[in-house]
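Shown next: input_9.pdb, given as PDB, C-alpha atoms.
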ATOM      1  CA  MET A 685     130.218  80.516  58.396
ATOM      2  CA  LYS A 686     129.279  82.508  55.328
ATOM      3  CA  HIS A 687     128.896  86.260  55.616
ATOM      4  CA  SER A 688     125.148  85.970  54.876
ATOM      5  CA  ASP A 689     124.777  83.212  57.471
ATOM      6  CA  HIS A 690     126.642  85.356  59.974
ATOM      7  CA  LEU A 691     124.218  88.240  59.399
ATOM      8  CA  ILE A 692     121.226  85.958  59.813
ATOM      9  CA  PHE A 693     122.695  84.590  63.048
ATOM     10  CA  LEU A 694     123.209  88.095  64.435
ATOM     11  CA  GLN A 695     119.686  89.123  63.461
ATOM     12  CA  VAL A 696     118.187  86.084  65.178
ATOM     13  CA  LEU A 697     120.323  86.699  68.269
ATOM     14  CA  LEU A 698     119.228  90.333  68.364
ATOM     15  CA  LEU A 699     115.582  89.333  68.093
ATOM     16  CA  LEU A 700     115.997  86.838  70.900
ATOM     17  CA  LEU A 701     117.704  89.376  73.136
ATOM     18  CA  CYS A 702     115.153  92.084  72.404
ATOM     19  CA  GLY A 703     112.322  89.636  72.839
ATOM     20  CA  GLY A 704     113.729  88.557  76.169
ATOM     21  CA  ASN A 705     114.019  92.142  77.333
ATOM     22  CA  LEU A 706     110.463  92.842  76.226
ATOM     23  CA  LEU A 707     109.275  89.735  78.031
ATOM     24  CA  ALA A 708     111.104  90.771  81.204
ATOM     25  CA  GLN A 709     109.624  94.249  80.939
ATOM     26  CA  GLU A 710     106.153  92.845  80.310
ATOM     27  CA  SER A 711     106.453  90.607  83.384
ATOM     28  CA  LYS A 712     106.700  93.736  85.539
ATOM     29  CA  PHE A 713     103.091  94.529  84.734
ATOM     30  CA  VAL A 714      99.844  92.740  85.452
ATOM     31  CA  GLY A 715      96.157  93.056  84.675
ATOM     32  CA  ARG A 716      94.537  95.990  82.912
ATOM     33  CA  VAL A 717      92.071  98.829  83.354
ATOM     34  CA  GLU A 718      88.479  97.999  82.464
ATOM     35  CA  LYS A 719      86.316 100.998  81.531
ATOM     36  CA  ARG A 720      82.598 100.852  82.319
ATOM     37  CA  ASP A 721      81.824 104.569  82.015
ATOM     38  CA  ASP A 722      83.468 107.332  79.957
ATOM     39  CA  ARG A 723      83.955 109.345  83.143
ATOM     40  CA  LEU A 724      86.766 106.943  84.022
ATOM     41  CA  ASP A 725      88.912 108.656  81.359
ATOM     42  CA  GLU A 726      89.070 111.727  83.621
ATOM     43  CA  LEU A 727      90.485 109.622  86.456
ATOM     44  CA  ILE A 728      93.004 107.264  84.855
ATOM     45  CA  ASP A 729      94.652 106.475  81.537
ATOM     46  CA  VAL A 730      92.841 103.254  80.610
ATOM     47  CA  SER A 731      95.812 102.053  78.557
ATOM     48  CA  LEU A 732      97.998 101.713  81.671
ATOM     49  CA  ARG A 733      98.646  98.481  83.567
ATOM     50  CA  PRO A 734      99.558  98.031  87.243
ATOM     51  CA  GLU A 735     103.298  97.719  87.835
ATOM     52  CA  ILE A 736     104.587  94.989  90.159
ATOM     53  CA  LEU A 737     106.986  96.454  92.737
ATOM     54  CA  ALA A 738     107.664  93.499  95.034
ATOM     55  CA  THR A 739     106.479  89.915  95.452
ATOM     56  CA  GLY A 740     106.849  86.944  97.768
ATOM     57  CA  PHE A 741     104.402  87.884 100.520
ATOM     58  CA  GLN A 742     101.776  85.541 101.928
ATOM     59  CA  TRP A 743      98.972  88.124 102.101
ATOM     60  CA  SER A 744      99.813  91.801 101.660
ATOM     61  CA  GLU A 745      97.511  94.321 103.321
ATOM     62  CA  GLY A 746      97.105  97.727 104.924
ATOM     63  CA  PRO A 747      99.272  99.989 102.730
ATOM     64  CA  VAL A 748     100.033 103.493 104.005
ATOM     65  CA  TRP A 749     102.291 106.131 102.450
ATOM     66  CA  ILE A 750     104.810 107.919 104.700
ATOM     67  CA  PRO A 751     105.195 111.268 102.898
ATOM     68  CA  ASP A 752     108.205 112.701 104.735
ATOM     69  CA  GLN A 753     110.174 109.497 104.094
ATOM     70  CA  ASN A 754     108.948 108.716 100.575
ATOM     71  CA  ARG A 755     108.178 105.127 101.436
ATOM     72  CA  LEU A 756     105.263 102.730 101.660
ATOM     73  CA  LEU A 757     104.496 100.586 104.692
ATOM     74  CA  PHE A 758     102.282  97.511 104.425
ATOM     75  CA  SER A 759     101.449  94.360 106.379
ATOM     76  CA  ASP A 760     102.108  90.723 105.582
ATOM     77  CA  VAL A 761      99.387  89.587 107.962
ATOM     78  CA  PRO A 762      99.966  85.816 108.273
ATOM     79  CA  ARG A 763     103.734  86.276 108.558
ATOM     80  CA  ASN A 764     103.368  88.866 111.317
ATOM     81  CA  LYS A 765     105.475  91.574 109.676
ATOM     82  CA  ILE A 766     105.247  95.160 108.476
ATOM     83  CA  HIS A 767     107.338  95.782 105.357
ATOM     84  CA  GLN A 768     108.637  99.015 103.897
ATOM     85  CA  TRP A 769     109.178  99.797 100.227
ATOM     86  CA  SER A 770     110.713 102.743  98.398
ATOM     87  CA  ASP A 771     111.978 103.394  94.898
ATOM     88  CA  ALA A 772     115.428 104.026  96.315
ATOM     89  CA  GLN A 773     115.747 101.077  98.704
ATOM     90  CA  GLY A 774     113.291  98.483  97.418
ATOM     91  CA  ASN A 775     111.598  96.198  99.946
ATOM     92  CA  SER A 776     112.705  95.335 103.492
ATOM     93  CA  VAL A 777     111.190  94.415 106.858
ATOM     94  CA  PHE A 778     110.145  97.397 108.980
ATOM     95  CA  MET A 779     108.696  95.619 112.047
ATOM     96  CA  ASP A 780     108.873  91.977 113.164
ATOM     97  CA  PRO A 781     106.665  90.984 114.864
ATOM     98  CA  SER A 782     103.920  93.440 114.029
ATOM     99  CA  GLY A 783     101.327  91.625 116.137
ATOM    100  CA  SER A 784     101.567  88.711 118.535
ATOM    101  CA  GLU A 785     104.937  87.995 120.111
ATOM    102  CA  GLY A 786     106.191  84.473 120.694
ATOM    103  CA  ASP A 787     104.219  81.380 119.737
ATOM    104  CA  ASN A 788     100.826  82.144 118.275
ATOM    105  CA  SER A 789      98.432  79.742 116.637
ATOM    106  CA  GLU A 790      95.985  82.356 115.388
ATOM    107  CA  LYS A 791      95.047  82.360 111.721
ATOM    108  CA  GLU A 792      96.471  85.843 111.164
ATOM    109  CA  PRO A 793      98.800  86.832 114.025
ATOM    110  CA  GLY A 794     100.182  90.045 112.523
ATOM    111  CA  SER A 795      99.089  93.584 111.804
ATOM    112  CA  ASN A 796      96.465  94.393 109.196
ATOM    113  CA  GLY A 797      95.314  97.956 108.497
ATOM    114  CA  LEU A 798      97.836 100.764 108.916
ATOM    115  CA  MET A 799      97.152 104.502 109.066
ATOM    116  CA  LEU A 800      98.864 107.726 110.126
ATOM    117  CA  ASP A 801      97.129 109.793 112.784
ATOM    118  CA  PRO A 802      96.897 113.604 112.405
ATOM    119  CA  GLN A 803     100.305 113.894 114.125
ATOM    120  CA  GLY A 804     101.899 111.502 111.628
ATOM    121  CA  ARG A 805     102.211 108.563 114.028
ATOM    122  CA  LEU A 806     101.682 105.051 112.708
ATOM    123  CA  THR A 807      98.465 103.474 113.999
ATOM    124  CA  VAL A 808      97.947  99.737 113.606
ATOM    125  CA  CYS A 809      95.099  97.227 113.600
ATOM    126  CA  ASP A 810      96.668  94.261 115.391
ATOM    127  CA  HIS A 811      94.927  91.007 114.462
ATOM    128  CA  GLY A 812      97.014  88.782 116.710
ATOM    129  CA  ASN A 813      96.504  90.781 119.900
ATOM    130  CA  ARG A 814      92.952  91.865 118.976
ATOM    131  CA  ARG A 815      93.658  95.530 119.527
ATOM    132  CA  VAL A 816      94.547  98.885 117.976
ATOM    133  CA  TYR A 817      97.900 100.412 118.908
ATOM    134  CA  ARG A 818     100.009 103.453 118.046
ATOM    135  CA  VAL A 819     103.738 103.452 117.377
ATOM    136  CA  GLU A 820     105.381 106.325 119.223
ATOM    137  CA  LYS A 821     108.326 108.261 117.839
ATOM    138  CA  ASN A 822     110.696 106.246 120.049
ATOM    139  CA  GLY A 823     109.301 102.963 118.673
ATOM    140  CA  THR A 824     107.249 101.946 121.701
ATOM    141  CA  LYS A 825     103.636 100.827 121.304
ATOM    142  CA  THR A 826     100.692 102.500 123.003
ATOM    143  CA  ILE A 827      97.465 100.480 123.162
ATOM    144  CA  LEU A 828      94.577 102.689 122.053
ATOM    145  CA  ALA A 829      91.737 100.161 122.316
ATOM    146  CA  ASP A 830      91.426  96.427 122.940
ATOM    147  CA  ARG A 831      87.949  96.022 124.435
ATOM    148  CA  TYR A 832      84.369  97.123 124.127
ATOM    149  CA  GLN A 833      82.355  97.079 127.354
ATOM    150  CA  GLY A 834      84.998  94.854 128.930
ATOM    151  CA  LYS A 835      85.007  92.262 126.127
ATOM    152  CA  ARG A 836      87.928  91.724 123.788
ATOM    153  CA  PHE A 837      87.554  92.713 120.167
ATOM    154  CA  ASN A 838      87.401  89.992 117.503
ATOM    155  CA  SER A 839      90.367  91.173 115.381
ATOM    156  CA  PRO A 840      90.457  94.857 114.382
ATOM    157  CA  ASN A 841      90.965  95.023 110.636
ATOM    158  CA  ASP A 842      90.945  98.486 109.046
ATOM    159  CA  LEU A 843      90.857 102.082 110.252
ATOM    160  CA  ILE A 844      90.466 105.731 109.273
ATOM    161  CA  PHE A 845      90.963 109.033 111.123
ATOM    162  CA  ASP A 846      88.770 112.069 110.668
ATOM    163  CA  ARG A 847      90.288 115.542 110.646
ATOM    164  CA  GLN A 848      89.490 116.006 114.344
ATOM    165  CA  GLY A 849      91.526 112.941 115.271
ATOM    166  CA  ASN A 850      88.664 110.550 115.991
ATOM    167  CA  LEU A 851      89.335 107.003 114.792
ATOM    168  CA  PHE A 852      86.854 104.648 113.115
ATOM    169  CA  PHE A 853      87.731 100.952 112.781
ATOM    170  CA  THR A 854      86.161  97.630 111.809
ATOM    171  CA  ASP A 855      86.242  94.399 113.797
ATOM    172  CA  PRO A 856      85.545  91.187 111.834
ATOM    173  CA  PRO A 857      86.818  87.802 113.114
ATOM    174  CA  TYR A 858      89.284  87.063 110.303
ATOM    175  CA  GLY A 859      92.319  86.986 112.566
ATOM    176  CA  LEU A 860      90.942  84.156 114.694
ATOM    177  CA  ARG A 861      91.529  80.520 113.825
ATOM    178  CA  ASP A 862      88.893  79.441 116.361
ATOM    179  CA  GLU A 863      85.873  81.753 116.455
ATOM    180  CA  SER A 864      84.717  80.153 119.695
ATOM    181  CA  LYS A 865      87.253  82.517 121.292
ATOM    182  CA  ARG A 866      85.085  85.467 120.388
ATOM    183  CA  GLU A 867      83.833  87.442 123.367
ATOM    184  CA  LEU A 868      81.494  89.616 121.283
ATOM    185  CA  ASP A 869      78.598  87.990 119.450
ATOM    186  CA  PHE A 870      78.662  90.559 116.628
ATOM    187  CA  CYS A 871      81.164  92.189 114.291
ATOM    188  CA  GLY A 872      81.106  95.907 114.898
ATOM    189  CA  VAL A 873      82.282  99.188 113.492
ATOM    190  CA  TYR A 874      83.608 101.449 116.254
ATOM    191  CA  ARG A 875      84.516 105.064 116.898
ATOM    192  CA  LEU A 876      87.435 105.804 119.199
ATOM    193  CA  SER A 877      87.174 109.445 120.208
ATOM    194  CA  LYS A 878      90.146 111.638 121.038
ATOM    195  CA  ASP A 879      89.417 111.205 124.755
ATOM    196  CA  GLY A 880      89.753 107.422 124.463
ATOM    197  CA  LYS A 881      86.054 106.492 124.556
ATOM    198  CA  VAL A 882      85.058 103.512 122.403
ATOM    199  CA  THR A 883      81.562 103.721 120.912
ATOM    200  CA  LEU A 884      79.824 101.100 118.794
ATOM    201  CA  VAL A 885      78.808 102.752 115.519
ATOM    202  CA  THR A 886      76.937  99.865 113.915
ATOM    203  CA  LYS A 887      76.681  96.094 114.081
ATOM    204  CA  GLU A 888      74.403  95.589 111.096
ATOM    205  CA  LEU A 889      77.141  94.113 108.875
ATOM    206  CA  VAL A 890      78.039  90.449 109.194
ATOM    207  CA  ARG A 891      81.662  90.972 108.110
ATOM    208  CA  PRO A 892      82.699  94.653 108.082
ATOM    209  CA  ASN A 893      86.139  95.153 106.595
ATOM    210  CA  GLY A 894      87.509  98.180 104.705
ATOM    211  CA  ILE A 895      86.581 101.671 105.876
ATOM    212  CA  ALA A 896      86.861 105.212 104.488
ATOM    213  CA  LEU A 897      85.454 108.742 104.818
ATOM    214  CA  SER A 898      84.022 111.013 102.136
ATOM    215  CA  PRO A 899      85.928 114.268 101.467
ATOM    216  CA  ASP A 900      83.374 116.314 103.447
ATOM    217  CA  GLU A 901      83.390 113.681 106.225
ATOM    218  CA  LYS A 902      79.613 113.446 106.122
ATOM    219  CA  THR A 903      79.625 109.814 104.989
ATOM    220  CA  LEU A 904      81.391 106.763 106.383
ATOM    221  CA  TYR A 905      81.944 103.942 103.899
ATOM    222  CA  VAL A 906      82.310 100.340 105.058
ATOM    223  CA  ALA A 907      83.020  97.349 102.809
ATOM    224  CA  GLN A 908      81.620  93.946 103.708
ATOM    225  CA  SER A 909      83.708  90.879 102.850
ATOM    226  CA  HIS A 910      80.806  88.449 102.887
ATOM    227  CA  ARG A 911      80.086  86.294  99.859
ATOM    228  CA  PRO A 912      76.269  86.316 100.224
ATOM    229  CA  ALA A 913      76.320  90.145 100.381
ATOM    230  CA  PRO A 914      79.595  91.627  99.042
ATOM    231  CA  ILE A 915      78.558  95.252  99.439
ATOM    232  CA  TYR A 916      79.901  98.745 100.035
ATOM    233  CA  GLN A 917      77.733 100.452 102.629
ATOM    234  CA  ALA A 918      77.340 104.216 103.195
ATOM    235  CA  TYR A 919      76.492 105.652 106.638
ATOM    236  CA  PRO A 920      75.502 109.307 107.160
ATOM    237  CA  ILE A 921      77.531 111.069 109.839
ATOM    238  CA  GLN A 922      75.483 113.237 112.173
ATOM    239  CA  ASP A 923      76.442 116.702 113.413
ATOM    240  CA  ASP A 924      77.629 115.271 116.752
ATOM    241  CA  GLY A 925      80.064 112.992 114.939
ATOM    242  CA  MET A 926      78.044 109.844 115.493
ATOM    243  CA  ILE A 927      76.848 107.555 112.717
ATOM    244  CA  GLU A 928      73.362 106.456 111.797
ATOM    245  CA  PRO A 929      73.517 102.706 112.603
ATOM    246  CA  THR A 930      71.620 101.666 109.488
ATOM    247  CA  GLY A 931      73.289 102.512 106.208
ATOM    248  CA  LYS A 932      72.376 102.191 102.567
ATOM    249  CA  THR A 933      74.112 100.026 100.019
ATOM    250  CA  LEU A 934      76.198 102.187  97.710
ATOM    251  CA  PHE A 935      77.210  99.308  95.437
ATOM    252  CA  ASN A 936      76.696  95.539  95.418
ATOM    253  CA  SER A 937      79.428  93.496  93.713
ATOM    254  CA  ILE A 938      77.464  90.232  93.800
ATOM    255  CA  ASP A 939      77.413  89.848  89.999
ATOM    256  CA  PHE A 940      81.209  89.919  89.825
ATOM    257  CA  ALA A 941      81.432  87.463  92.726
ATOM    258  CA  LYS A 942      78.986  85.088  91.062
ATOM    259  CA  ALA A 943      81.006  85.324  87.846
ATOM    260  CA  GLY A 944      84.005  83.969  89.749
ATOM    261  CA  ASP A 945      86.089  87.153  89.902
ATOM    262  CA  LYS A 946      88.686  86.768  92.632
ATOM    263  CA  GLY A 947      88.394  88.729  95.867
ATOM    264  CA  MET A 948      85.779  90.304  98.105
ATOM    265  CA  PRO A 949      85.089  93.918  99.123
ATOM    266  CA  ASP A 950      87.984  94.933 101.339
ATOM    267  CA  GLY A 951      90.114  98.057 101.779
ATOM    268  CA  MET A 952      89.471 101.319  99.948
ATOM    269  CA  CYS A 953      90.616 104.892  99.506
ATOM    270  CA  ILE A 954      88.980 108.071  98.181
ATOM    271  CA  ASP A 955      90.032 110.591  95.552
ATOM    272  CA  VAL A 956      89.492 114.350  95.786
ATOM    273  CA  LYS A 957      86.322 114.064  93.679
ATOM    274  CA  GLY A 958      84.804 111.670  96.193
ATOM    275  CA  ASN A 959      85.124 108.507  94.099
ATOM    276  CA  LEU A 960      85.818 105.254  95.923
ATOM    277  CA  TRP A 961      88.777 103.161  94.776
ATOM    278  CA  ALA A 962      87.592 100.010  96.507
ATOM    279  CA  THR A 963      89.148  96.565  96.369
ATOM    280  CA  GLY A 964      86.726  93.791  95.554
ATOM    281  CA  PRO A 965      85.940  91.079  92.999
ATOM    282  CA  GLY A 966      88.414  91.433  90.128
ATOM    283  CA  GLY A 967      90.731  94.007  91.690
ATOM    284  CA  VAL A 968      90.009  97.690  92.432
ATOM    285  CA  LEU A 969      86.507  98.979  91.671
ATOM    286  CA  VAL A 970      86.137 102.686  90.900
ATOM    287  CA  ILE A 971      82.750 103.769  92.236
ATOM    288  CA  SER A 972      81.253 107.261  92.045
ATOM    289  CA  PRO A 973      79.822 108.931  95.186
ATOM    290  CA  ASN A 974      76.386 108.075  93.743
ATOM    291  CA  GLY A 975      77.196 104.390  93.554
ATOM    292  CA  GLU A 976      77.877 104.117  89.820
ATOM    293  CA  LEU A 977      80.605 101.722  88.726
ATOM    294  CA  LEU A 978      83.001 103.666  86.488
ATOM    295  CA  GLY A 979      85.471 100.858  85.944
ATOM    296  CA  ARG A 980      87.888  98.410  87.497
ATOM    297  CA  VAL A 981      91.642  97.973  87.771
ATOM    298  CA  LEU A 982      91.803  94.237  87.131
ATOM    299  CA  MET A 983      94.574  92.522  89.107
ATOM    300  CA  GLU A 984      94.188  88.790  88.256
ATOM    301  CA  LYS A 985      94.530  87.865  91.931
ATOM    302  CA  ALA A 986      92.509  88.580  95.061
ATOM    303  CA  THR A 987      93.191  92.174  96.095
ATOM    304  CA  ALA A 988      93.136  93.382  99.684
ATOM    305  CA  ASN A 989      93.693  97.128  99.857
ATOM    306  CA  CYS A 990      94.955 100.311  98.222
ATOM    307  CA  THR A 991      96.197 103.781  99.116
ATOM    308  CA  TRP A 992      97.503 106.946  97.487
ATOM    309  CA  GLY A 993     101.165 107.835  97.596
ATOM    310  CA  GLU A 994     104.122 109.615  96.005
ATOM    311  CA  ASP A 995     102.705 112.758  94.353
ATOM    312  CA  GLY A 996      99.139 111.822  95.300
ATOM    313  CA  LYS A 997      98.470 110.515  91.800
ATOM    314  CA  THR A 998      99.929 107.068  92.379
ATOM    315  CA  LEU A 999      97.669 104.273  93.580
ATOM    316  CA  PHE A1000      99.488 101.556  95.531
ATOM    317  CA  ILE A1001      97.700  98.201  95.594
ATOM    318  CA  THR A1002      98.247  95.181  97.851
ATOM    319  CA  SER A1003      97.168  92.163  95.811
ATOM    320  CA  SER A1004      97.706  88.705  97.270
ATOM    321  CA  ASP A1005     101.498  88.112  97.278
ATOM    322  CA  ARG A1006     102.369  91.376  95.483
ATOM    323  CA  ILE A1007     102.696  95.126  95.891
ATOM    324  CA  CYS A1008     101.745  97.095  92.775
ATOM    325  CA  ARG A1009     101.199 100.677  91.679
ATOM    326  CA  ILE A1010      99.477 102.518  88.859
ATOM    327  CA  LYS A1011      99.437 106.206  87.957
ATOM    328  CA  THR A1012      96.158 108.127  88.000
ATOM    329  CA  LYS A1013      95.005 111.472  86.637
ATOM    330  CA  VAL A1014      92.998 112.291  89.749
ATOM    331  CA  GLN A1015      94.626 113.053  93.076
ATOM    332  CA  GLY A1016      94.040 111.062  96.219
ATOM    333  CA  LEU A1017      92.293 112.609  99.185
ATOM    334  CA  GLY A1018      94.838 114.137 101.554
ATOM    335  CA  PHE A1019      97.188 115.254  98.783
ATOM    336  CA  ALA A1020      95.044 118.124  97.461
ATOM    337  CA  THR A1021      97.192 120.807  99.097
ATOM    338  CA  LYS A1022     100.280 119.516  97.217
ATOM    339  CA  GLN A1023      99.009 120.294  93.732
TER     340      GLN A1023
END

Spit out the file's structure as structure tokens when you get a sec.
Amino acid sequence: MKHSDHLIFLQVLLLLLCGGNLLAQESKFVGRVEKRDDRLDELIDVSLRPEILATGFQWSEGPVWIPDQNRLLFSDVPRNKIHQWSDAQGNSVFMDPSGSEGDNSEKEPGSNGLMLDPQGRLTVCDHGNRRVYRVEKNGTKTILADRYQGKRFNSPNDLIFDRQGNLFFTDPPYGLRDESKRELDFCGVYRLSKDGKVTLVTKELVRPNGIALSPDEKTLYVAQSHRPAPIYQAYPIQDDGMIEPTGKTLFNSIDFAKAGDKGMPDGMCIDVKGNLWATGPGGVLVISPNGELLGRVLMEKATANCTWGEDGKTLFITSSDRICRIKTKVQGLGFATKQ
């Protein structure tokens, strides 16, 4: 081989190696940020792309950050497991099963929404057993609610605690393979008070799903995963802690759904400015407290839920078979004291 040919060969090899590394690096990222309003620039760098952290799940859901352990927990609902992920350890199984034990023919037998209560205990929406339970420090499970007026829930889906320790949760039928098993003829949003009383908040939504509270806890947000009306509903919270049963539509994502964007309104989280980071058609919609769409984090696959973690300026996203994250400029609600 001539000296000149040798140089050309090395140059081509170097390009191939560098190109391969760039391709491998590029494959770690997905989607993009779509700006609809200049105010989005204050919340996120629009040049960033979501980073893929782990894959191989059937349907990832219910992410929650465990601050004192620097790890993320999330559900793989159909496979009946809760996983854990950290930068240091990667992904592993945290709980198996997370819902029904033994043989179960339900559509989604595992856990769905996960949340920490004010004491830092993991609280779980259990699709398979149609209940909400708490994981005690010794690992045992305490059932918090499984019935309303003596009738079993459909399949509790998502949940949020207020600062007083009262729990709000949604109850669509998505966990059931056969809806004839339903004992309730509606899909409700409930309030579980600290004394264990279950109160129906509203039953106006056909398919209530994701749920969140405004920073001042004067508004309860509920997403509806229903193709004819894929909306994000806002409910005023009264002084006694109860909710007005008829809400107003904060944002309707029907145009995105009609355009064929993947996903429906689902889980959501709130930043310190009161903006909703709400999963829905296309990925994660960023919606102002006044209902204005500021932009979207496009994920290319149906997206189930999101939560803040790490320093409070990292948004973790459960999107179909993947766990992703993206940095933000704004801090997530609950992390404000750590600035």

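Relative to CA of Asn841 in chain A, CA of Pro920 in chain A is found at 21.3 Å.
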
Is it possible to get the axis-aligned box enclosing range 818-826 of chain A (all listed atoms, 6 Å extra per side) as lines of an AutoDock Vina configuration file, with centre and edge lengths in Å rounded to one decimal?
center_x = 105.4
center_y = 104.5
center_z = 120.2
size_x = 22.7
size_y = 19.4
size_z = 17.6

Please tabulate, as JSON lines, the residues of range 838-918 of chain A that come within 7 Å of range 785-807 of chain A, each with its closest pair of atoms and the distance in Å to one decimal, counting all atoms listed in the file and ordering rows by chain, then residue number upward.
{"residue": "A:Asn841", "atom": "CA", "partner": "A:Gly797", "partner_atom": "CA", "distance": 5.7}
{"residue": "A:Asp842", "atom": "CA", "partner": "A:Gly797", "partner_atom": "CA", "distance": 4.4}
{"residue": "A:Leu843", "atom": "CA", "partner": "A:Gly797", "partner_atom": "CA", "distance": 6.3}
{"residue": "A:Ile844", "atom": "CA", "partner": "A:Met799", "partner_atom": "CA", "distance": 6.8}
{"residue": "A:Phe845", "atom": "CA", "partner": "A:Asp801", "partner_atom": "CA", "distance": 6.4}
{"residue": "A:Gly849", "atom": "CA", "partner": "A:Pro802", "partner_atom": "CA", "distance": 6.1}
{"residue": "A:Gly859", "atom": "CA", "partner": "A:Glu792", "partner_atom": "CA", "distance": 4.5}
{"residue": "A:Leu860", "atom": "CA", "partner": "A:Lys791", "partner_atom": "CA", "distance": 5.4}
{"residue": "A:Arg861", "atom": "CA", "partner": "A:Lys791", "partner_atom": "CA", "distance": 4.5}

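With all atoms listed in the file as the basis for measurement, A:Arg980 is the residue among A:Arg875, A:Arg980, A:Lys821, A:His767 that approaches Lys719 in chain A most closely.
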
Written as a PDB file with C-alpha atoms, keeping the file's coordinate frame, which residues does the PyMOL selection byres ((chain A and resi 958-971) around 9) give for the file shown?
ATOM      1  CA  GLY A 715      96.157  93.056  84.675  1.00  0.00           C
ATOM      2  CA  LEU A 724      86.766 106.943  84.022  1.00  0.00           C
ATOM      3  CA  GLY A 894      87.509  98.180 104.705  1.00  0.00           C
ATOM      4  CA  ALA A 896      86.861 105.212 104.488  1.00  0.00           C
ATOM      5  CA  SER A 898      84.022 111.013 102.136  1.00  0.00           C
ATOM      6  CA  PRO A 899      85.928 114.268 101.467  1.00  0.00           C
ATOM      7  CA  ASP A 900      83.374 116.314 103.447  1.00  0.00           C
ATOM      8  CA  TYR A 905      81.944 103.942 103.899  1.00  0.00           C
ATOM      9  CA  ALA A 907      83.020  97.349 102.809  1.00  0.00           C
ATOM     10  CA  SER A 909      83.708  90.879 102.850  1.00  0.00           C
ATOM     11  CA  PRO A 914      79.595  91.627  99.042  1.00  0.00           C
ATOM     12  CA  TYR A 916      79.901  98.745 100.035  1.00  0.00           C
ATOM     13  CA  LEU A 934      76.198 102.187  97.710  1.00  0.00           C
ATOM     14  CA  PHE A 935      77.210  99.308  95.437  1.00  0.00           C
ATOM     15  CA  SER A 937      79.428  93.496  93.713  1.00  0.00           C
ATOM     16  CA  ILE A 938      77.464  90.232  93.800  1.00  0.00           C
ATOM     17  CA  PHE A 940      81.209  89.919  89.825  1.00  0.00           C
ATOM     18  CA  ALA A 941      81.432  87.463  92.726  1.00  0.00           C
ATOM     19  CA  GLY A 944      84.005  83.969  89.749  1.00  0.00           C
ATOM     20  CA  ASP A 945      86.089  87.153  89.902  1.00  0.00           C
ATOM     21  CA  LYS A 946      88.686  86.768  92.632  1.00  0.00           C
ATOM     22  CA  GLY A 947      88.394  88.729  95.867  1.00  0.00           C
ATOM     23  CA  MET A 948      85.779  90.304  98.105  1.00  0.00           C
ATOM     24  CA  PRO A 949      85.089  93.918  99.123  1.00  0.00           C
ATOM     25  CA  ASP A 950      87.984  94.933 101.339  1.00  0.00           C
ATOM     26  CA  GLY A 951      90.114  98.057 101.779  1.00  0.00           C
ATOM     27  CA  MET A 952      89.471 101.319  99.948  1.00  0.00           C
ATOM     28  CA  CYS A 953      90.616 104.892  99.506  1.00  0.00           C
ATOM     29  CA  ILE A 954      88.980 108.071  98.181  1.00  0.00           C
ATOM     30  CA  ASP A 955      90.032 110.591  95.552  1.00  0.00           C
ATOM     31  CA  VAL A 956      89.492 114.350  95.786  1.00  0.00           C
ATOM     32  CA  LYS A 957      86.322 114.064  93.679  1.00  0.00           C
ATOM     33  CA  SER A 972      81.253 107.261  92.045  1.00  0.00           C
ATOM     34  CA  PRO A 973      79.822 108.931  95.186  1.00  0.00           C
ATOM     35  CA  ASN A 974      76.386 108.075  93.743  1.00  0.00           C
ATOM     36  CA  GLY A 975      77.196 104.390  93.554  1.00  0.00           C
ATOM     37  CA  GLU A 976      77.877 104.117  89.820  1.00  0.00           C
ATOM     38  CA  LEU A 977      80.605 101.722  88.726  1.00  0.00           C
ATOM     39  CA  LEU A 978      83.001 103.666  86.488  1.00  0.00           C
ATOM     40  CA  GLY A 979      85.471 100.858  85.944  1.00  0.00           C
ATOM     41  CA  ARG A 980      87.888  98.410  87.497  1.00  0.00           C
ATOM     42  CA  VAL A 981      91.642  97.973  87.771  1.00  0.00           C
ATOM     43  CA  LEU A 982      91.803  94.237  87.131  1.00  0.00           C
ATOM     44  CA  MET A 983      94.574  92.522  89.107  1.00  0.00           C
ATOM     45  CA  GLU A 984      94.188  88.790  88.256  1.00  0.00           C
ATOM     46  CA  LYS A 985      94.530  87.865  91.931  1.00  0.00           C
ATOM     47  CA  ALA A 986      92.509  88.580  95.061  1.00  0.00           C
ATOM     48  CA  THR A 987      93.191  92.174  96.095  1.00  0.00           C
ATOM     49  CA  ALA A 988      93.136  93.382  99.684  1.00  0.00           C
ATOM     50  CA  ASN A 989      93.693  97.128  99.857  1.00  0.00           C
ATOM     51  CA  CYS A 990      94.955 100.311  98.222  1.00  0.00           C
ATOM     52  CA  THR A 991      96.197 103.781  99.116  1.00  0.00           C
ATOM     53  CA  ILE A1001      97.700  98.201  95.594  1.00  0.00           C
ATOM     54  CA  SER A1003      97.168  92.163  95.811  1.00  0.00           C
ATOM     55  CA  LEU A1017      92.293 112.609  99.185  1.00  0.00           C
TER      56      LEU A1017
END

(request) Would you kindly translate the PyMOL selection byres ((chain A and resi 713) around 6) into the concrete residues it picks from this file, as a VMD selection string? (result) chain A and resid 710 to 712 714 734 to 736

With C-alpha atoms kept, could you save the residues just selected as a PDB file, in the coordinates of the input?
ATOM      1  CA  GLU A 710     106.153  92.845  80.310  1.00  0.00           C
ATOM      2  CA  SER A 711     106.453  90.607  83.384  1.00  0.00           C
ATOM      3  CA  LYS A 712     106.700  93.736  85.539  1.00  0.00           C
ATOM      4  CA  VAL A 714      99.844  92.740  85.452  1.00  0.00           C
ATOM      5  CA  PRO A 734      99.558  98.031  87.243  1.00  0.00           C
ATOM      6  CA  GLU A 735     103.298  97.719  87.835  1.00  0.00           C
ATOM      7  CA  ILE A 736     104.587  94.989  90.159  1.00  0.00           C
TER       8      ILE A 736
END
